[in-house]
Amino acid sequence: MDSLHRRIVALADLHGRTRESLLPILQGVVEHENYLSQKSMVEISKELDLPAAEVFGTATFYSFLEHRKMGKFTIRVCKTISCSMKGKNQILLAIKEMLKIDIGQTTPDGRFSLVETNCLGWCHKAPAMVINHEVFTELTPEKVREILGEYLKKEL
Amino acid sequence: MIEQHLLLKRVDFIFVQDTDWEKILQKSIQRPKQELINELISSELKGRGGAGFPTGLKWKLTSEVESDEKYVICNADEGEPGTFKDREILTRVPYKVLTAMAVCGFIVGAKNGIIYLRGEYKFLEKPLNEAINEFSYFCKKINLDFTVKIFMGSGAYICGEETALFESLEGKRGEPRNKPPYPSISGYRKKPTVINNVETLAHTYTIFKYGAKKFYDLGVQYSRGSKLFSISGDTPKPGIYELELGMSLSDFVDEFGDGDTKAVQVGGASGFLVPRKKFHETAIGYQGKLVGISLPTGGSMMLFNSSRSMYNLLDNYLEFFREESCGQCTPCRIGCQQLLAGIKAVKKGERPAPYLNKLLKLSETMQFTAKCGLGQSVANSFASIVENFREEMIY
Ligand SMILES: Cc1cc2nc3c(=O)[nH]c(=O)nc-3n(C[C@H](O)[C@H](O)[C@H](O)COP(=O)(O)O)c2cc1C
Ligand code: SF4
Ligand code: FES
């Protein structure tokens with residue numbers, strides 16, 4: 001058994017093997033692998049005895065269940081109206097310049113991916129972004145550079 | 001006419017400490033169920049998630065259905081742009097929500113509660129689980145058979161729609177179901193289900209604690225009580241405020257505007273844009289007693305000053321809907337795409353200005369033919385923005 005398979009079995013042991021366990025299992029895989037590879041979706045379908053198409057169809061519905069390869073830290077910048085009014089573009093620019101990637105791309109070392117997302121529920125402290133599950137609000141380009149600086153120090 | 005609006009008044013119920021929850025829970029489940037339902041009905045509390053269905057009636061309907069299994073679900077998907085109050089409730093007074101769920105379970109005969117928490121609020125999962133543990137411990141102590149668990153969403157606005165939420169809980173794509181049957185008959189796992197917004201549940205705590213009258217005394221006929229407002233955009237004091245229902249939008253703007261307010265979006269992307277000239281005739285509340293235009297809302301209030309382009313606003317909303325449409329029905333899937341492409345074409349001069357009328361027709365068609373509230377409400381912001389700021393759409 002490889003590590004991915006072991007992880008999926010462990011998640012199924014934890015959440016169960018019914019259809020209702022599918023989302024928590026998919027979330028658990030993304031938590032560790034950063035995304036859902038085709039292989040992981042096939043493995044999950046076998047483990048839960050579901051058609052692979054069902055697993056794929058469910059996974060692709062949810063924007064946080066990425067099915068393209070992602071970096072260890074996914075930066076999601078809010079692009080909805082309040083953040084967009086309060087300087088979201090400058091935030092994006094600061095990130096793009098610092099990491100040398102565009103929206104939808106991952107840094108070559110696999111550390112960061114950059115995507116846009118819809119309202120994060122922090123509009124009163126716009127602009128906002130999340131890195132994996134950590135929320136950052138009232139962003140300025142300087143603040144963003146500091147935050148990313150901290151993430152650059154983290155182990156890969 | 002305007003005198004029928006209420007003056008803007010701040011109130012403080014929701015965020016008052018929840019430290020007395022054990023007492024409230026114990027006291028409530030010793031009362032006859034019918035009495036609790038009557039209390040809720042006479043408070044005239046309506047759902048705070050947007051649709052405004054009377055909460056007492058919802059619980060009553062579910063309590064009357066015979067079933068071996070029933071569920072209580074707290075809708076914490078909070079995805080409407082400009083809404084962030086539910087997060088604050090779950091952060092500051094989680095025991096109110098848990099207590100309300102348990103009392104609801106007691107009334108309707110449900111033993112299991114689920115909080116559907118949006119993926120964006122993952123950081124709340126741990127503190128909320130700690131509260132749930134303490135809560136469950138107390139329920140056991142008083143022999144109340146009720147459990148609560150959290151189910152995490154994964155970034156899909158449509159999962160806030162109740163039937164899409166059930167699908168998601170069942171491990172499927174969050175695609176809304178046909179209604180009827182309504183959740184009180186057939187909800188999660190096709191079982192009778194009460195689903196309420198976080199804030200609605202928190203209000204029931206206030207009602208069980210102080211009695212219906214205290215709540216009913218606030219607001220006007222058909223729009224009773226207070227409501228949390230999530231205020232953002234061009235305002236010197238963005239944040240969360242609890243206000244009495246029934247105020248006029250001009251009072252609201254006097255209090256929260258920056259002196260240059262051009263328009264207010266009431267109710268988020270699926271709500272309405274109100275231009276300055278209509279502030280005085282617009283009240284915040286449900287249809288009924290209020291004179292002029294009454295706008296119910298999940299509480300999202302976004303202010304825009306004269307530096308903002310209403311074209312950009314509409315473009316942003318339509319992109320939101322195009323992305324968040326579940327794609328299940330054609331009017332919404334294609335309609336959102338075409339509305340967005342259409343306004344872009346008019347703006348660029350590729351289409352003549354009267355093309356906007358065709359787009360208005362299209363949005364109206366969506367209102368009547370789309371399967372769920374998402375597609376049906378695109379016309380709200382579309383028509384209110386295009387009709388009030390037509391020149392900005394063209395030039
Ligand atoms: C597209 C769409 C999104 C919705 N999102 C939410 C939401 O995030 N939170 C919520 O409480 N209700 C949401 N609703 C309303 C729910 O379907 C449902 O009416 C509500 O949870 C009922 O609770 P209430 O009566 O306490 O308001 C949404 C509805 C639609 C059509
Ligand atoms: S109206 Fe839109 S969101 Fe609702 S079911 Fe149809 S496609 Fe899905
Ligand atoms: S618009 Fe960005 S957090 Fe709401």
# chains A, B, ... in the order shown; residues from 1 in each chain; ligands from 1

call {"tool": "residues_around", "arguments": {"residues": "range 48-50 of chain A", "least_positions_apart": "4", "cutoff": "12 Å", "atoms": "only C-alpha atoms", "output": "PyMOL selection string"}}
result
(chain A and resi 8-9+11-13+15-23+25-26+41-44+54-58) or (chain B and resi 171-172)

call {"tool": "write_last_selection", "arguments": {"atoms": "N, CA, C and O atoms", "output": "CSV table (one decimal), in the first residue's frame"}}
result
chain,number,residue,atom,x,y,z
A,8,ILE,N,-6.3,7.2,2.4
A,8,ILE,CA,-7.7,7.1,2.0
A,8,ILE,C,-8.4,6.1,2.9
A,8,ILE,O,-9.5,6.3,3.3
A,9,VAL,N,-7.7,4.9,3.1
A,9,VAL,CA,-8.3,3.9,4.0
A,9,VAL,C,-8.5,4.5,5.4
A,9,VAL,O,-9.5,4.3,6.0
A,11,LEU,N,-8.9,7.6,6.2
A,11,LEU,CA,-10.1,8.6,6.2
A,11,LEU,C,-11.4,7.9,6.1
A,11,LEU,O,-12.4,8.3,6.8
A,12,ALA,N,-11.4,6.8,5.4
A,12,ALA,CA,-12.7,6.0,5.3
A,12,ALA,C,-13.0,5.3,6.6
A,12,ALA,O,-14.2,5.3,7.0
A,13,ASP,N,-12.0,4.9,7.3
A,13,ASP,CA,-12.2,4.3,8.6
A,13,ASP,C,-12.8,5.4,9.6
A,13,ASP,O,-13.7,5.1,10.4
A,15,HIS,N,-14.4,8.4,8.7
A,15,HIS,CA,-15.6,9.0,8.3
A,15,HIS,C,-16.7,8.0,7.9
A,15,HIS,O,-17.9,8.3,7.7
A,16,GLY,N,-16.3,6.8,7.6
A,16,GLY,CA,-17.3,5.8,7.1
A,16,GLY,C,-17.2,5.6,5.6
A,16,GLY,O,-16.4,6.3,5.0
A,17,ARG,N,-17.9,4.6,5.1
A,17,ARG,CA,-17.8,4.3,3.7
A,17,ARG,C,-19.1,4.5,3.0
A,17,ARG,O,-19.3,3.8,1.9
A,18,THR,N,-20.0,5.3,3.5
A,18,THR,CA,-21.2,5.6,2.8
A,18,THR,C,-21.0,6.8,1.9
A,18,THR,O,-20.0,7.5,2.0
A,19,ARG,N,-22.0,7.0,1.1
A,19,ARG,CA,-22.0,8.2,0.2
A,19,ARG,C,-21.8,9.5,1.0
A,19,ARG,O,-21.1,10.4,0.6
A,20,GLU,N,-22.4,9.5,2.2
A,20,GLU,CA,-22.3,10.7,3.0
A,20,GLU,C,-20.9,11.0,3.5
A,20,GLU,O,-20.6,12.1,3.9
A,21,SER,N,-20.0,10.0,3.4
A,21,SER,CA,-18.7,10.2,3.9
A,21,SER,C,-17.8,10.8,2.8
A,21,SER,O,-16.6,11.2,3.0
A,22,LEU,N,-18.4,10.9,1.6
A,22,LEU,CA,-17.5,11.3,0.4
A,22,LEU,C,-16.9,12.7,0.6
A,22,LEU,O,-15.7,12.8,0.5
A,23,LEU,N,-17.7,13.7,1.0
A,23,LEU,CA,-17.1,15.0,1.1
A,23,LEU,C,-16.1,15.1,2.2
A,23,LEU,O,-15.0,15.6,1.9
A,25,ILE,N,-14.1,12.9,3.2
A,25,ILE,CA,-12.9,12.2,2.7
A,25,ILE,C,-12.2,13.0,1.6
A,25,ILE,O,-11.0,13.1,1.7
A,26,LEU,N,-13.0,13.6,0.7
A,26,LEU,CA,-12.3,14.4,-0.3
A,26,LEU,C,-11.6,15.6,0.4
A,26,LEU,O,-10.5,15.9,0.0
A,41,MET,N,-8.9,10.1,-6.7
A,41,MET,CA,-10.3,10.0,-6.9
A,41,MET,C,-10.7,8.5,-7.2
A,41,MET,O,-11.7,8.0,-6.8
A,42,VAL,N,-9.9,7.9,-8.0
A,42,VAL,CA,-10.2,6.5,-8.4
A,42,VAL,C,-10.0,5.6,-7.1
A,42,VAL,O,-10.9,4.7,-6.8
A,43,GLU,N,-9.0,5.9,-6.3
A,43,GLU,CA,-8.8,5.1,-5.1
A,43,GLU,C,-10.0,5.3,-4.1
A,43,GLU,O,-10.5,4.3,-3.5
A,44,ILE,N,-10.5,6.5,-4.1
A,44,ILE,CA,-11.7,6.8,-3.2
A,44,ILE,C,-12.9,6.0,-3.7
A,44,ILE,O,-13.6,5.4,-2.9
A,54,GLU,N,-19.0,9.4,-10.3
A,54,GLU,CA,-19.7,10.1,-9.2
A,54,GLU,C,-18.8,10.9,-8.3
A,54,GLU,O,-19.0,12.0,-7.9
A,55,VAL,N,-17.6,10.2,-8.1
A,55,VAL,CA,-16.6,10.9,-7.2
A,55,VAL,C,-16.1,12.1,-7.9
A,55,VAL,O,-16.0,13.2,-7.4
A,56,PHE,N,-15.8,12.0,-9.2
A,56,PHE,CA,-15.3,13.1,-10.0
A,56,PHE,C,-16.3,14.2,-10.1
A,56,PHE,O,-16.0,15.4,-9.9
A,57,GLY,N,-17.5,13.8,-10.4
A,57,GLY,CA,-18.6,14.8,-10.5
A,57,GLY,C,-18.8,15.6,-9.2
A,57,GLY,O,-19.1,16.8,-9.3
A,58,THR,N,-18.8,14.9,-8.1
A,58,THR,CA,-19.0,15.6,-6.8
A,58,THR,C,-17.8,16.5,-6.5
A,58,THR,O,-18.0,17.7,-6.2
B,171,GLY,N,-23.5,14.0,0.5
B,171,GLY,CA,-22.3,13.6,-0.3
B,171,GLY,C,-22.4,13.8,-1.8
B,171,GLY,O,-21.6,13.2,-2.5
B,172,LYS,N,-23.3,14.7,-2.2
B,172,LYS,CA,-23.5,14.9,-3.6
B,172,LYS,C,-23.1,16.3,-4.1
B,172,LYS,O,-22.8,17.1,-3.3

call {"tool": "interface_residues", "arguments": {"of": "chain B", "to": "chain A", "cutoff": "7 Å", "atoms": "only C-alpha atoms", "output": "ChimeraX atom specification"}}
result
/B:79,81-84,120,122-123,154-156,169-173,231-233,238-239,313,316

call {"tool": "residues_near_ligand", "arguments": {"ligand": "ligand 2", "cutoff": "9 Å", "atoms": "only C-alpha atoms and all ligand atoms", "output": "PyMOL selection string"}}
result
chain B and resi 158+161+164+174-178+321-322+324-334+336+366-367+369-377

call {"tool": "residues_near_ligand", "arguments": {"ligand": "ligand 1", "cutoff": "9 Å", "atoms": "only C-alpha atoms and all ligand atoms", "output": "PyMOL selection string"}}
result
chain B and resi 46-55+58+73-80+83+86+118+157-165+176+194-201+270+298+324-325+372-377

call {"tool": "select_by_dssp", "arguments": {"residues": "range 82-150 of chain A", "states": "strand (DSSP E or B)", "output": "list in words"}}
result
Thr106, Phe112, Ser113, Leu114, Val115, Glu116, Thr117, Met129, Val130, Ile131, Glu134, Val135 and Phe136 of chain A

call {"tool": "select_by_dssp", "arguments": {"residues": "range 162-267 of chain B", "states": "alpha helix (DSSP H)", "output": "ChimeraX atom specification"}}
result
/B:162-169,198-210,212-216,249-256

call {"tool": "closest_residue", "arguments": {"among": "A:Glu142, A:Met129, A:Ile91, A:Ile75", "to": "ligand 3", "atoms": "only C-alpha atoms and all ligand atoms"}}
result
A:Met129

call {"tool": "atom_distance", "arguments": {"atom1": "CA of Leu356 in chain B", "atom2": "CA of Lys277 in chain B"}}
result
22.1 Å

call {"tool": "residues_around", "arguments": {"residues": "Ala353 in chain B", "least_positions_apart": "2", "cutoff": "12 Å", "atoms": "only C-alpha atoms", "output": "PDB file with all heavy atoms, in the first residue's frame"}}
result
ATOM      1  N   GLY B 342     -23.705  40.221 -22.387  1.00  0.00           N
ATOM      2  CA  GLY B 342     -24.536  41.292 -22.942  1.00  0.00           C
ATOM      3  C   GLY B 342     -24.136  42.669 -22.439  1.00  0.00           C
ATOM      4  O   GLY B 342     -23.984  43.606 -23.232  1.00  0.00           O
ATOM      5  N   ILE B 343     -23.946  42.813 -21.136  1.00  0.00           N
ATOM      6  CA  ILE B 343     -23.604  44.160 -20.648  1.00  0.00           C
ATOM      7  C   ILE B 343     -22.190  44.550 -21.099  1.00  0.00           C
ATOM      8  O   ILE B 343     -21.914  45.712 -21.344  1.00  0.00           O
ATOM      9  CB  ILE B 343     -23.752  44.320 -19.111  1.00  0.00           C
ATOM     10  CG1 ILE B 343     -22.798  43.426 -18.338  1.00  0.00           C
ATOM     11  CG2 ILE B 343     -25.200  44.107 -18.675  1.00  0.00           C
ATOM     12  CD1 ILE B 343     -22.549  43.910 -16.910  1.00  0.00           C
ATOM     13  N   LYS B 344     -21.333  43.565 -21.232  1.00  0.00           N
ATOM     14  CA  LYS B 344     -19.977  43.871 -21.727  1.00  0.00           C
ATOM     15  C   LYS B 344     -20.055  44.388 -23.165  1.00  0.00           C
ATOM     16  O   LYS B 344     -19.382  45.351 -23.532  1.00  0.00           O
ATOM     17  CB  LYS B 344     -19.091  42.616 -21.675  1.00  0.00           C
ATOM     18  CG  LYS B 344     -18.541  42.307 -20.268  1.00  0.00           C
ATOM     19  CD  LYS B 344     -17.552  41.140 -20.338  1.00  0.00           C
ATOM     20  CE  LYS B 344     -17.241  40.505 -18.988  1.00  0.00           C
ATOM     21  NZ  LYS B 344     -16.508  41.372 -18.064  1.00  0.00           N
ATOM     22  N   ALA B 345     -20.905  43.731 -23.964  1.00  0.00           N
ATOM     23  CA  ALA B 345     -21.043  44.127 -25.372  1.00  0.00           C
ATOM     24  C   ALA B 345     -21.618  45.533 -25.497  1.00  0.00           C
ATOM     25  O   ALA B 345     -21.166  46.331 -26.322  1.00  0.00           O
ATOM     26  CB  ALA B 345     -21.915  43.115 -26.108  1.00  0.00           C
ATOM     27  N   VAL B 346     -22.598  45.854 -24.650  1.00  0.00           N
ATOM     28  CA  VAL B 346     -23.183  47.193 -24.698  1.00  0.00           C
ATOM     29  C   VAL B 346     -22.132  48.225 -24.288  1.00  0.00           C
ATOM     30  O   VAL B 346     -21.974  49.277 -24.929  1.00  0.00           O
ATOM     31  CB  VAL B 346     -24.433  47.287 -23.795  1.00  0.00           C
ATOM     32  CG1 VAL B 346     -24.905  48.732 -23.676  1.00  0.00           C
ATOM     33  CG2 VAL B 346     -25.551  46.396 -24.337  1.00  0.00           C
ATOM     34  N   LYS B 347     -21.405  47.909 -23.256  1.00  0.00           N
ATOM     35  CA  LYS B 347     -20.386  48.840 -22.758  1.00  0.00           C
ATOM     36  C   LYS B 347     -19.340  49.126 -23.838  1.00  0.00           C
ATOM     37  O   LYS B 347     -18.908  50.255 -24.019  1.00  0.00           O
ATOM     38  CB  LYS B 347     -19.719  48.233 -21.517  1.00  0.00           C
ATOM     39  CG  LYS B 347     -18.797  49.176 -20.778  1.00  0.00           C
ATOM     40  CD  LYS B 347     -19.596  50.206 -19.997  1.00  0.00           C
ATOM     41  CE  LYS B 347     -18.704  51.141 -19.204  1.00  0.00           C
ATOM     42  NZ  LYS B 347     -19.508  52.189 -18.547  1.00  0.00           N
ATOM     43  N   LYS B 348     -18.969  48.081 -24.566  1.00  0.00           N
ATOM     44  CA  LYS B 348     -17.937  48.247 -25.605  1.00  0.00           C
ATOM     45  C   LYS B 348     -18.501  48.853 -26.892  1.00  0.00           C
ATOM     46  O   LYS B 348     -17.752  49.108 -27.821  1.00  0.00           O
ATOM     47  CB  LYS B 348     -17.327  46.881 -25.944  1.00  0.00           C
ATOM     48  CG  LYS B 348     -16.319  46.390 -24.927  1.00  0.00           C
ATOM     49  CD  LYS B 348     -15.557  45.182 -25.502  1.00  0.00           C
ATOM     50  CE  LYS B 348     -15.126  44.236 -24.413  1.00  0.00           C
ATOM     51  NZ  LYS B 348     -15.332  42.820 -24.754  1.00  0.00           N
ATOM     52  N   GLY B 349     -19.808  49.022 -26.934  1.00  0.00           N
ATOM     53  CA  GLY B 349     -20.405  49.575 -28.144  1.00  0.00           C
ATOM     54  C   GLY B 349     -20.646  48.531 -29.226  1.00  0.00           C
ATOM     55  O   GLY B 349     -20.999  48.862 -30.354  1.00  0.00           O
ATOM     56  N   GLU B 350     -20.453  47.267 -28.913  1.00  0.00           N
ATOM     57  CA  GLU B 350     -20.695  46.215 -29.899  1.00  0.00           C
ATOM     58  C   GLU B 350     -22.187  45.937 -30.073  1.00  0.00           C
ATOM     59  O   GLU B 350     -22.603  45.306 -31.040  1.00  0.00           O
ATOM     60  CB  GLU B 350     -19.981  44.917 -29.481  1.00  0.00           C
ATOM     61  CG  GLU B 350     -18.479  45.014 -29.513  1.00  0.00           C
ATOM     62  CD  GLU B 350     -17.796  43.896 -28.727  1.00  0.00           C
ATOM     63  OE1 GLU B 350     -18.486  42.945 -28.288  1.00  0.00           O
ATOM     64  OE2 GLU B 350     -16.571  43.996 -28.546  1.00  0.00           O
ATOM     65  N   ARG B 351     -22.937  46.361 -29.085  1.00  0.00           N
ATOM     66  CA  ARG B 351     -24.396  46.236 -29.162  1.00  0.00           C
ATOM     67  C   ARG B 351     -24.995  47.604 -28.885  1.00  0.00           C
ATOM     68  O   ARG B 351     -24.463  48.364 -28.074  1.00  0.00           O
ATOM     69  CB  ARG B 351     -24.914  45.273 -28.078  1.00  0.00           C
ATOM     70  CG  ARG B 351     -24.514  43.843 -28.298  1.00  0.00           C
ATOM     71  CD  ARG B 351     -25.498  43.172 -29.210  1.00  0.00           C
ATOM     72  NE  ARG B 351     -25.253  41.731 -29.278  1.00  0.00           N
ATOM     73  CZ  ARG B 351     -25.974  40.918 -30.027  1.00  0.00           C
ATOM     74  NH1 ARG B 351     -26.968  41.379 -30.743  1.00  0.00           N
ATOM     75  NH2 ARG B 351     -25.699  39.624 -30.065  1.00  0.00           N
ATOM     76  N   TYR B 355     -30.370  47.151 -26.594  1.00  0.00           N
ATOM     77  CA  TYR B 355     -30.119  45.740 -26.287  1.00  0.00           C
ATOM     78  C   TYR B 355     -30.322  45.473 -24.792  1.00  0.00           C
ATOM     79  O   TYR B 355     -30.678  44.368 -24.378  1.00  0.00           O
ATOM     80  CB  TYR B 355     -28.697  45.379 -26.714  1.00  0.00           C
ATOM     81  CG  TYR B 355     -28.375  43.904 -26.623  1.00  0.00           C
ATOM     82  CD1 TYR B 355     -29.040  42.978 -27.424  1.00  0.00           C
ATOM     83  CD2 TYR B 355     -27.405  43.439 -25.739  1.00  0.00           C
ATOM     84  CE1 TYR B 355     -28.746  41.626 -27.345  1.00  0.00           C
ATOM     85  CE2 TYR B 355     -27.103  42.078 -25.657  1.00  0.00           C
ATOM     86  CZ  TYR B 355     -27.771  41.182 -26.464  1.00  0.00           C
ATOM     87  OH  TYR B 355     -27.493  39.845 -26.391  1.00  0.00           O
ATOM     88  N   LEU B 356     -30.119  46.523 -23.981  1.00  0.00           N
ATOM     89  CA  LEU B 356     -30.333  46.377 -22.536  1.00  0.00           C
ATOM     90  C   LEU B 356     -31.762  45.930 -22.233  1.00  0.00           C
ATOM     91  O   LEU B 356     -31.995  45.187 -21.269  1.00  0.00           O
ATOM     92  CB  LEU B 356     -30.044  47.704 -21.816  1.00  0.00           C
ATOM     93  CG  LEU B 356     -28.565  48.121 -21.701  1.00  0.00           C
ATOM     94  CD1 LEU B 356     -28.467  49.522 -21.132  1.00  0.00           C
ATOM     95  CD2 LEU B 356     -27.780  47.131 -20.836  1.00  0.00           C
ATOM     96  N   ASN B 357     -32.712  46.385 -23.058  1.00  0.00           N
ATOM     97  CA  ASN B 357     -34.105  45.978 -22.824  1.00  0.00           C
ATOM     98  C   ASN B 357     -34.289  44.487 -23.019  1.00  0.00           C
ATOM     99  O   ASN B 357     -35.040  43.833 -22.305  1.00  0.00           O
ATOM    100  CB  ASN B 357     -35.047  46.748 -23.748  1.00  0.00           C
ATOM    101  CG  ASN B 357     -34.945  48.241 -23.523  1.00  0.00           C
ATOM    102  OD1 ASN B 357     -34.516  48.664 -22.441  1.00  0.00           O
ATOM    103  ND2 ASN B 357     -35.294  49.033 -24.512  1.00  0.00           N
ATOM    104  N   LYS B 358     -33.581  43.957 -24.018  1.00  0.00           N
ATOM    105  CA  LYS B 358     -33.645  42.516 -24.240  1.00  0.00           C
ATOM    106  C   LYS B 358     -33.073  41.771 -23.042  1.00  0.00           C
ATOM    107  O   LYS B 358     -33.592  40.731 -22.615  1.00  0.00           O
ATOM    108  CB  LYS B 358     -32.840  42.140 -25.490  1.00  0.00           C
ATOM    109  CG  LYS B 358     -33.543  42.440 -26.774  1.00  0.00           C
ATOM    110  CD  LYS B 358     -32.934  41.619 -27.897  1.00  0.00           C
ATOM    111  CE  LYS B 358     -33.753  41.817 -29.164  1.00  0.00           C
ATOM    112  NZ  LYS B 358     -33.002  41.521 -30.364  1.00  0.00           N
ATOM    113  N   LEU B 359     -31.989  42.324 -22.516  1.00  0.00           N
ATOM    114  CA  LEU B 359     -31.366  41.675 -21.355  1.00  0.00           C
ATOM    115  C   LEU B 359     -32.306  41.731 -20.145  1.00  0.00           C
ATOM    116  O   LEU B 359     -32.394  40.776 -19.371  1.00  0.00           O
ATOM    117  CB  LEU B 359     -30.026  42.339 -21.031  1.00  0.00           C
ATOM    118  CG  LEU B 359     -28.937  42.219 -22.117  1.00  0.00           C
ATOM    119  CD1 LEU B 359     -27.691  42.983 -21.709  1.00  0.00           C
ATOM    120  CD2 LEU B 359     -28.587  40.755 -22.382  1.00  0.00           C
ATOM    121  N   LEU B 360     -33.011  42.861 -20.015  1.00  0.00           N
ATOM    122  CA  LEU B 360     -33.976  42.965 -18.909  1.00  0.00           C
ATOM    123  C   LEU B 360     -35.055  41.897 -19.047  1.00  0.00           C
ATOM    124  O   LEU B 360     -35.469  41.277 -18.072  1.00  0.00           O
ATOM    125  CB  LEU B 360     -34.602  44.356 -18.881  1.00  0.00           C
ATOM    126  CG  LEU B 360     -33.731  45.457 -18.269  1.00  0.00           C
ATOM    127  CD1 LEU B 360     -34.284  46.842 -18.593  1.00  0.00           C
ATOM    128  CD2 LEU B 360     -33.612  45.276 -16.756  1.00  0.00           C
ATOM    129  N   VAL B 386     -29.617  48.276 -13.781  1.00  0.00           N
ATOM    130  CA  VAL B 386     -29.761  48.754 -15.165  1.00  0.00           C
ATOM    131  C   VAL B 386     -30.803  49.871 -15.262  1.00  0.00           C
ATOM    132  O   VAL B 386     -30.591  50.880 -15.942  1.00  0.00           O
ATOM    133  CB  VAL B 386     -30.111  47.587 -16.114  1.00  0.00           C
ATOM    134  CG1 VAL B 386     -30.524  48.097 -17.487  1.00  0.00           C
ATOM    135  CG2 VAL B 386     -28.921  46.642 -16.240  1.00  0.00           C
ATOM    136  N   ARG B 390     -28.856  53.474 -16.063  1.00  0.00           N
ATOM    137  CA  ARG B 390     -28.773  53.060 -17.458  1.00  0.00           C
ATOM    138  C   ARG B 390     -27.604  53.716 -18.190  1.00  0.00           C
ATOM    139  O   ARG B 390     -26.850  53.039 -18.909  1.00  0.00           O
ATOM    140  CB  ARG B 390     -30.094  53.413 -18.153  1.00  0.00           C
ATOM    141  CG  ARG B 390     -30.344  52.624 -19.395  1.00  0.00           C
ATOM    142  CD  ARG B 390     -31.674  53.028 -20.020  1.00  0.00           C
ATOM    143  NE  ARG B 390     -31.811  52.342 -21.287  1.00  0.00           N
ATOM    144  CZ  ARG B 390     -32.438  51.165 -21.414  1.00  0.00           C
ATOM    145  NH1 ARG B 390     -32.999  50.596 -20.380  1.00  0.00           N
ATOM    146  NH2 ARG B 390     -32.493  50.585 -22.594  1.00  0.00           N
ATOM    147  N   GLU B 391     -27.449  55.019 -17.964  1.00  0.00           N
ATOM    148  CA  GLU B 391     -26.377  55.712 -18.710  1.00  0.00           C
ATOM    149  C   GLU B 391     -24.991  55.153 -18.354  1.00  0.00           C
ATOM    150  O   GLU B 391     -24.111  55.073 -19.205  1.00  0.00           O
ATOM    151  CB  GLU B 391     -26.469  57.239 -18.543  1.00  0.00           C
ATOM    152  CG  GLU B 391     -26.369  57.852 -17.157  1.00  0.00           C
ATOM    153  CD  GLU B 391     -27.482  57.440 -16.172  1.00  0.00           C
ATOM    154  OE1 GLU B 391     -28.560  56.936 -16.570  1.00  0.00           O
ATOM    155  OE2 GLU B 391     -27.259  57.621 -14.980  1.00  0.00           O
ATOM    156  N   GLU B 392     -24.838  54.716 -17.111  1.00  0.00           N
ATOM    157  CA  GLU B 392     -23.533  54.150 -16.732  1.00  0.00           C
ATOM    158  C   GLU B 392     -23.266  52.810 -17.418  1.00  0.00           C
ATOM    159  O   GLU B 392     -22.121  52.377 -17.538  1.00  0.00           O
ATOM    160  CB  GLU B 392     -23.446  53.963 -15.207  1.00  0.00           C
ATOM    161  CG  GLU B 392     -23.282  55.262 -14.457  1.00  0.00           C
ATOM    162  CD  GLU B 392     -22.849  55.053 -13.012  1.00  0.00           C
ATOM    163  OE1 GLU B 392     -22.016  54.159 -12.761  1.00  0.00           O
ATOM    164  OE2 GLU B 392     -23.352  55.776 -12.142  1.00  0.00           O
ATOM    165  N   MET B 393     -24.345  52.149 -17.834  1.00  0.00           N
ATOM    166  CA  MET B 393     -24.167  50.865 -18.515  1.00  0.00           C
ATOM    167  C   MET B 393     -23.693  51.083 -19.953  1.00  0.00           C
ATOM    168  O   MET B 393     -23.100  50.211 -20.565  1.00  0.00           O
ATOM    169  CB  MET B 393     -25.488  50.073 -18.570  1.00  0.00           C
ATOM    170  CG  MET B 393     -26.114  49.775 -17.221  1.00  0.00           C
ATOM    171  SD  MET B 393     -25.037  48.812 -16.170  1.00  0.00           S
ATOM    172  CE  MET B 393     -24.915  49.890 -14.745  1.00  0.00           C
ATOM    173  N   ILE B 394     -23.999  52.258 -20.481  1.00  0.00           N
ATOM    174  CA  ILE B 394     -23.749  52.506 -21.901  1.00  0.00           C
ATOM    175  C   ILE B 394     -22.437  53.252 -22.124  1.00  0.00           C
ATOM    176  O   ILE B 394     -21.644  52.890 -22.978  1.00  0.00           O
ATOM    177  CB  ILE B 394     -24.925  53.308 -22.506  1.00  0.00           C
ATOM    178  CG1 ILE B 394     -26.238  52.533 -22.295  1.00  0.00           C
ATOM    179  CG2 ILE B 394     -24.706  53.561 -23.995  1.00  0.00           C
ATOM    180  CD1 ILE B 394     -27.502  53.342 -22.510  1.00  0.00           C
ATOM    181  N   TYR B 395     -22.222  54.315 -21.320  1.00  0.00           N
ATOM    182  CA  TYR B 395     -21.054  55.162 -21.599  1.00  0.00           C
ATOM    183  C   TYR B 395     -19.882  54.854 -20.686  1.00  0.00           C
ATOM    184  O   TYR B 395     -20.037  54.454 -19.562  1.00  0.00           O
ATOM    185  CB  TYR B 395     -21.440  56.639 -21.460  1.00  0.00           C
ATOM    186  CG  TYR B 395     -22.634  57.001 -22.317  1.00  0.00           C
ATOM    187  CD1 TYR B 395     -23.875  57.280 -21.742  1.00  0.00           C
ATOM    188  CD2 TYR B 395     -22.527  57.005 -23.715  1.00  0.00           C
ATOM    189  CE1 TYR B 395     -24.985  57.578 -22.518  1.00  0.00           C
ATOM    190  CE2 TYR B 395     -23.631  57.299 -24.495  1.00  0.00           C
ATOM    191  CZ  TYR B 395     -24.853  57.590 -23.892  1.00  0.00           C
ATOM    192  OH  TYR B 395     -25.941  57.862 -24.671  1.00  0.00           O
TER     193      TYR B 395
END

call {"tool": "closest_residue", "arguments": {"among": "A:His5, A:Lys154, A:Lys100, A:Lys88", "to": "ligand 3", "atoms": "only C-alpha atoms and all ligand atoms"}}
result
A:Lys88
